[in-house]
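Report on the following structure.
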Amino acid sequence: MKAAYINSYGSNVEIGERAVPDLPPGHVLIKMKAASVNPIDWKIAKGDLKALLKFPFPIMLGSDGAGIVEQLGDGVTDFNVGDEVFFRCHKMDMGTFAQYFAIPSELVALKPSNMSFEEAASIPLVGLTSLQALKEKGGMGSGSKILIHAGAGGVGTFAIQYAKTCGAYVATTASQKRFALLKELGADVIIDYRSQKIENELSGYDIVFDTVGEAVHDASYKTLKPGGVLVTVLGIPDNDTVSEYASGFVVKLVARLHNSKMQKQAKKHGAVYKHLLMYADGGQLSEIAALIEAGKIRAIIDSTFALDEVQAAFERSKTGRSQGKIIITID
Ligand SMILES: NC(=O)c1ccc[n+]([C@@H]2O[C@H](COP(=O)([O-])OP(=O)(O)OC[C@H]3O[C@@H](n4cnc5c(N)ncnc54)[C@H](OP(=O)(O)O)[C@@H]3O)[C@@H](O)[C@H]2O)c1
């Protein structure tokens, strides 16, 4: 089968022939139709995560996608051959930029029937990230006031729609040219991060969802009510997550120092700091599929590339200027 991978950190993506994956018990083999680019894909290829996540070479690339169940491993009863599905793979077992992918069935969900494979492929990683950040870490409920940074990004365009379906009041940051789209997605307040200061515009918020990084933390805390929560998906994961993946003393020490600094900054503002490293979950993805089928969430696609063009798709993502998701189509 054709697949995308790297043979060393920092090298260009190679497209070559690989064996179709084995099918262990409990797994399904998926004939891939589309996958999406997430910044983690090119960050891994650059070597940015090598202290935390230890992958053997060649590193297969691609973290989520959509396709058709081709074969069932022993013991799989929740899917049938021919089912149209979408999924986020386990973070240590990537490779969705390929013609076939094998995955534990509990990480898979039926594709929303009202979405194409390309649209469905845009959802899993950003959808699960939004649900886990806002609901699990942030405790979002109906009426919560939420600030979502980078509303025009892959995560942001999903998170705004998701928060609105949950009954939240949503503020977001974006550049002017994104305002029309974000209004359409349901944002109640849009702040132009290039000309306005969030701390002058917003106050009394329950949750800040940070997809930009440490540079926005201080101002973000000023928008929170006492006891409010800042959930970030950038920077170093929390100490428990680091210990789960990394064994090195130095890595753990750097994480502890970083997290202690983050906690102190939050405390100074009377707020709570949380980091999320998202995880794959087929059950949560089914919940998201139901919202999509109810017409409450739609896919926002920035651009589409062929499997041979993964490197070009990475270059587009690295600009940090994409609006919604970048898709890889797979024949
Ligand atoms: N830890 C986790 O589990 C996890 C999960 C998912 C994502 N992430 C991380 O979250 C980050 C965002 O992911 P993504 O997929 O949403 O990225 P993305 O799609 O590449 O985000 C691009 C968008 O960000 C906007 N943007 C850039 N700088 C901004 C700023 N200072 N303020 C407001 N908007 C800004 C851009 O809008 P303009 O062009 O208008 O500036 C653009 O639309 C990435 O670093 C990713 O690795 C982490």
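Residues in the structure tokens are named by chain (A, B, ... in the order shown) and by number from 1 within that chain; ligands are numbered from 1 in the order shown.
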
query: If you count only C-alpha atoms and all ligand atoms, which residues end up within 6 Å of ligand 1, as an NGL selection string?
result: :A and (38-40 or 126 or 129 or 149-150 or 152-156 or 173-175 or 178 or 193 or 211-212 or 233-234 or 276-278 or 317 or 320-324)

Write out the residues from the selection above, keeping N, CA and C atoms, as a short mmCIF file (atom, residue, chain, number, x, y, z; two decimals), in the first residue's frame.
data_model
loop_
_atom_site.label_atom_id
_atom_site.label_comp_id
_atom_site.auth_asym_id
_atom_site.auth_seq_id
_atom_site.Cartn_x
_atom_site.Cartn_y
_atom_site.Cartn_z
N ASN A 38 -3.08 17.65 11.23
CA ASN A 38 -3.11 18.35 12.52
C ASN A 38 -1.70 18.81 12.80
N PRO A 39 -1.52 19.99 13.44
CA PRO A 39 -0.15 20.48 13.68
C PRO A 39 0.74 19.44 14.36
N ILE A 40 0.13 18.52 15.15
CA ILE A 40 0.98 17.51 15.81
C ILE A 40 1.72 16.65 14.79
N VAL A 126 -9.80 17.23 16.30
CA VAL A 126 -10.23 18.53 16.85
C VAL A 126 -11.53 18.40 17.64
N THR A 129 -10.64 16.86 21.02
CA THR A 129 -9.91 17.87 21.79
C THR A 129 -10.88 18.88 22.40
N HIS A 149 -9.58 30.77 22.16
CA HIS A 149 -8.56 31.45 21.35
C HIS A 149 -8.46 30.81 19.97
N ALA A 150 -8.00 31.59 19.00
CA ALA A 150 -7.79 31.09 17.62
C ALA A 150 -9.03 30.40 17.07
N ALA A 152 -10.54 30.63 14.37
CA ALA A 152 -10.57 30.26 12.95
C ALA A 152 -9.77 29.00 12.65
N GLY A 153 -9.07 28.46 13.64
CA GLY A 153 -8.22 27.28 13.40
C GLY A 153 -9.03 25.99 13.34
N GLY A 154 -8.31 24.90 13.14
CA GLY A 154 -8.96 23.59 13.08
C GLY A 154 -9.70 23.31 14.37
N VAL A 155 -9.04 23.51 15.50
CA VAL A 155 -9.70 23.27 16.80
C VAL A 155 -10.78 24.33 17.03
N GLY A 156 -10.43 25.59 16.81
CA GLY A 156 -11.35 26.70 17.12
C GLY A 156 -12.68 26.61 16.39
N THR A 173 -11.13 34.72 19.61
CA THR A 173 -10.17 35.66 19.03
C THR A 173 -9.86 35.24 17.60
N ALA A 174 -9.68 36.23 16.73
CA ALA A 174 -9.40 35.94 15.31
C ALA A 174 -8.93 37.23 14.65
N SER A 175 -8.42 37.12 13.42
CA SER A 175 -8.16 38.34 12.66
C SER A 175 -9.43 38.70 11.88
N ARG A 178 -11.66 36.74 9.37
CA ARG A 178 -12.36 35.51 9.78
C ARG A 178 -13.71 35.81 10.43
N TYR A 193 -7.58 39.92 17.56
CA TYR A 193 -6.39 39.81 18.43
C TYR A 193 -5.24 40.69 17.96
N THR A 211 -5.49 27.69 22.52
CA THR A 211 -4.85 26.92 21.46
C THR A 211 -3.75 27.76 20.80
N VAL A 212 -3.26 28.78 21.53
CA VAL A 212 -2.22 29.67 20.99
C VAL A 212 -0.89 29.51 21.74
N VAL A 233 -3.80 23.49 25.38
CA VAL A 233 -3.35 22.28 24.70
C VAL A 233 -1.93 22.47 24.18
N LEU A 234 -1.30 23.57 24.61
CA LEU A 234 0.08 23.89 24.19
C LEU A 234 1.04 23.73 25.37
N LEU A 276 -4.25 19.82 28.62
CA LEU A 276 -4.86 18.63 28.01
C LEU A 276 -3.96 18.07 26.92
N LEU A 277 -3.64 16.79 27.01
CA LEU A 277 -3.10 16.05 25.87
C LEU A 277 -4.24 15.14 25.46
N MET A 278 -4.88 15.44 24.34
CA MET A 278 -6.12 14.74 24.01
C MET A 278 -5.88 13.25 23.77
N SER A 317 -0.06 23.99 6.69
CA SER A 317 -0.40 24.01 8.12
C SER A 317 0.61 24.82 8.92
N GLY A 320 0.33 28.54 9.96
CA GLY A 320 -0.50 28.98 11.09
C GLY A 320 -1.65 29.87 10.64
N ARG A 321 -1.94 29.91 9.34
CA ARG A 321 -2.97 30.80 8.80
C ARG A 321 -4.12 30.04 8.17
N SER A 322 -4.18 28.72 8.36
CA SER A 322 -5.28 28.00 7.72
C SER A 322 -6.59 28.29 8.45
N GLN A 323 -7.68 28.20 7.71
CA GLN A 323 -9.02 28.46 8.28
C GLN A 323 -9.76 27.13 8.27
N GLY A 324 -9.94 26.53 9.44
CA GLY A 324 -10.51 25.18 9.50
C GLY A 324 -9.43 24.15 9.19
#

- request: Using backbone DSSP assignments, extract all alpha helix (DSSP H) residues from stretch 15-129 of chain A; output them as a PyMOL selection string.
  value: chain A and resi 39-46+117-121+124-129

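Using only C-alpha atoms, the shortest contact distance between A:Lys43 and any of A:Lys31, A:Ser203, A:Gly95, A:Phe314 is found at A:Phe314.
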
task: Compile the contact shell of A:Ser116 as a ChimeraX atom specification: residues with an atom at most 12 Å away, counting only C-alpha atoms, same-chain residues fewer than 6 positions apart removed.
output: /A:33-35,65-67,84-86,122-123,292,298-299,301,327,329

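One finds atom CA of A:Gly62 at 17.8 Å from atom CA of A:Ser105.
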
field: Pick from A:Phe87, A:Pro21, A:Ala187, A:Ala121, whichever lies nearest to A:Gly283 using only C-alpha atoms
entry: A:Phe87

- prompt: Skipping near chain neighbours, those fewer than 5 positions away, what residues fall within 10 Å of A:Asn200 using only C-alpha atoms, listed as a ChimeraX atom specification?
  reply: /A:219,222-223

task: List every residue of stretch 85-182 of chain A that DSSP, applied to the backbone, labels as strand (DSSP E or B), and write the result as a ChimeraX atom specification.
output: /A:85-88,98,100-104,108-110,145-148,169-174

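For the atom pair formed by atom CA of A:Phe97 and atom CA of A:Leu52, the distance is 22.4 Å, given to one decimal.
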
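The spacing separating atom CA of A:Gly82 from atom CA of A:Pro24 amounts to 18.7 Å.
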
field: Residue contacts of A:Gly10 (8 Å, only C-alpha atoms) excluding same-chain residues fewer than 6 positions away, as number ranges by chain
entry: A: 45-47

message: So that I can check the surroundings of A:Leu72, please list as JSON, numbers by chain every protein, DNA and RNA residue that reaches within 10 Å of it, counting only C-alpha atoms and ignoring chain neighbours fewer than 4 positions away.
response: {"A": [23, 24, 25, 26, 27, 28, 29, 30, 76, 77, 78, 79, 80, 81, 102, 105]}

Which stretch 205-261 of chain A residues have any atom within 12 Å of an atom of stretch 164-168 of chain A, and for each, what is the nearest pair of atoms with distance in Å to one decimal, counting only C-alpha atoms, rows sorted by chain and number, as a tab-separated table?
residue	atom	partner	partner_atom	distance
A:Tyr205	CA	A:Ala168	CA	10.8
A:Asp206	CA	A:Ala168	CA	10.1
A:Ile207	CA	A:Ala168	CA	10.3

Interface rows for stretch 288-325 of chain A against stretch 4-9 of chain A: nearest pair, Å to one decimal, 10 Å, only C-alpha atoms, as a tab-separated table:
residue	atom	partner	partner_atom	distance
A:Leu307	CA	A:Ala4	CA	7.5
A:Asp308	CA	A:Ala4	CA	8.0
A:Glu309	CA	A:Ala4	CA	9.4
A:Val310	CA	A:Ala4	CA	7.3
A:Gln311	CA	A:Ala4	CA	9.2

Write to file, as a short mmCIF file (atom, residue, chain, number, x, y, z; two decimals), in the first residue's frame, the residues of the selection just made, with N, CA and C atoms.
data_model
loop_
_atom_site.label_atom_id
_atom_site.label_comp_id
_atom_site.auth_asym_id
_atom_site.auth_seq_id
_atom_site.Cartn_x
_atom_site.Cartn_y
_atom_site.Cartn_z
N LEU A 307 -2.59 12.30 -1.40
CA LEU A 307 -1.65 11.59 -0.52
C LEU A 307 -0.19 11.88 -0.91
N ASP A 308 0.06 12.06 -2.20
CA ASP A 308 1.43 12.38 -2.66
C ASP A 308 1.89 13.76 -2.19
N GLU A 309 0.96 14.57 -1.70
CA GLU A 309 1.27 15.98 -1.39
C GLU A 309 1.27 16.28 0.11
N VAL A 310 1.55 15.27 0.94
CA VAL A 310 1.52 15.50 2.39
C VAL A 310 2.50 16.60 2.79
N GLN A 311 3.68 16.62 2.18
CA GLN A 311 4.66 17.66 2.55
C GLN A 311 4.09 19.06 2.26
#

Do a neighbour search on A:Ile326 at 7 Å with only C-alpha atoms, toss out local chain neighbours closer than 5 positions, and write the hits as a PDB file with N, CA, C and O atoms, in the first residue's frame.
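This went into around.pdb:
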ATOM      1  N   SER A  36      -6.919  13.925   8.009  1.00  0.00           N
ATOM      2  CA  SER A  36      -6.720  15.373   8.124  1.00  0.00           C
ATOM      3  C   SER A  36      -5.340  15.666   8.691  1.00  0.00           C
ATOM      4  O   SER A  36      -4.745  14.837   9.372  1.00  0.00           O
ATOM      5  N   VAL A  37      -4.839  16.848   8.357  1.00  0.00           N
ATOM      6  CA  VAL A  37      -3.552  17.300   8.900  1.00  0.00           C
ATOM      7  C   VAL A  37      -3.826  18.010  10.216  1.00  0.00           C
ATOM      8  O   VAL A  37      -4.731  18.838  10.304  1.00  0.00           O
ATOM      9  N   ILE A 301     -13.444  23.335   5.948  1.00  0.00           N
ATOM     10  CA  ILE A 301     -12.268  22.812   5.244  1.00  0.00           C
ATOM     11  C   ILE A 301     -11.481  23.976   4.640  1.00  0.00           C
ATOM     12  O   ILE A 301     -12.036  24.781   3.880  1.00  0.00           O
ATOM     13  N   ASP A 302     -10.203  24.037   4.976  1.00  0.00           N
ATOM     14  CA  ASP A 302      -9.322  25.076   4.429  1.00  0.00           C
ATOM     15  C   ASP A 302      -8.875  24.702   3.020  1.00  0.00           C
ATOM     16  O   ASP A 302      -8.943  25.517   2.094  1.00  0.00           O
ATOM     17  N   SER A 303      -8.379  23.482   2.854  1.00  0.00           N
ATOM     18  CA  SER A 303      -7.791  23.069   1.572  1.00  0.00           C
ATOM     19  C   SER A 303      -7.664  21.551   1.555  1.00  0.00           C
ATOM     20  O   SER A 303      -7.720  20.902   2.597  1.00  0.00           O
ATOM     21  N   THR A 304      -7.473  21.011   0.348  1.00  0.00           N
ATOM     22  CA  THR A 304      -7.415  19.553   0.168  1.00  0.00           C
ATOM     23  C   THR A 304      -6.189  19.196  -0.662  1.00  0.00           C
ATOM     24  O   THR A 304      -5.890  19.869  -1.659  1.00  0.00           O
ATOM     25  N   ALA A 313       0.968  19.854   2.163  1.00  0.00           N
ATOM     26  CA  ALA A 313      -0.090  20.090   3.158  1.00  0.00           C
ATOM     27  C   ALA A 313       0.530  20.526   4.482  1.00  0.00           C
ATOM     28  O   ALA A 313       0.000  21.413   5.171  1.00  0.00           O
TER      29      ALA A 313
END
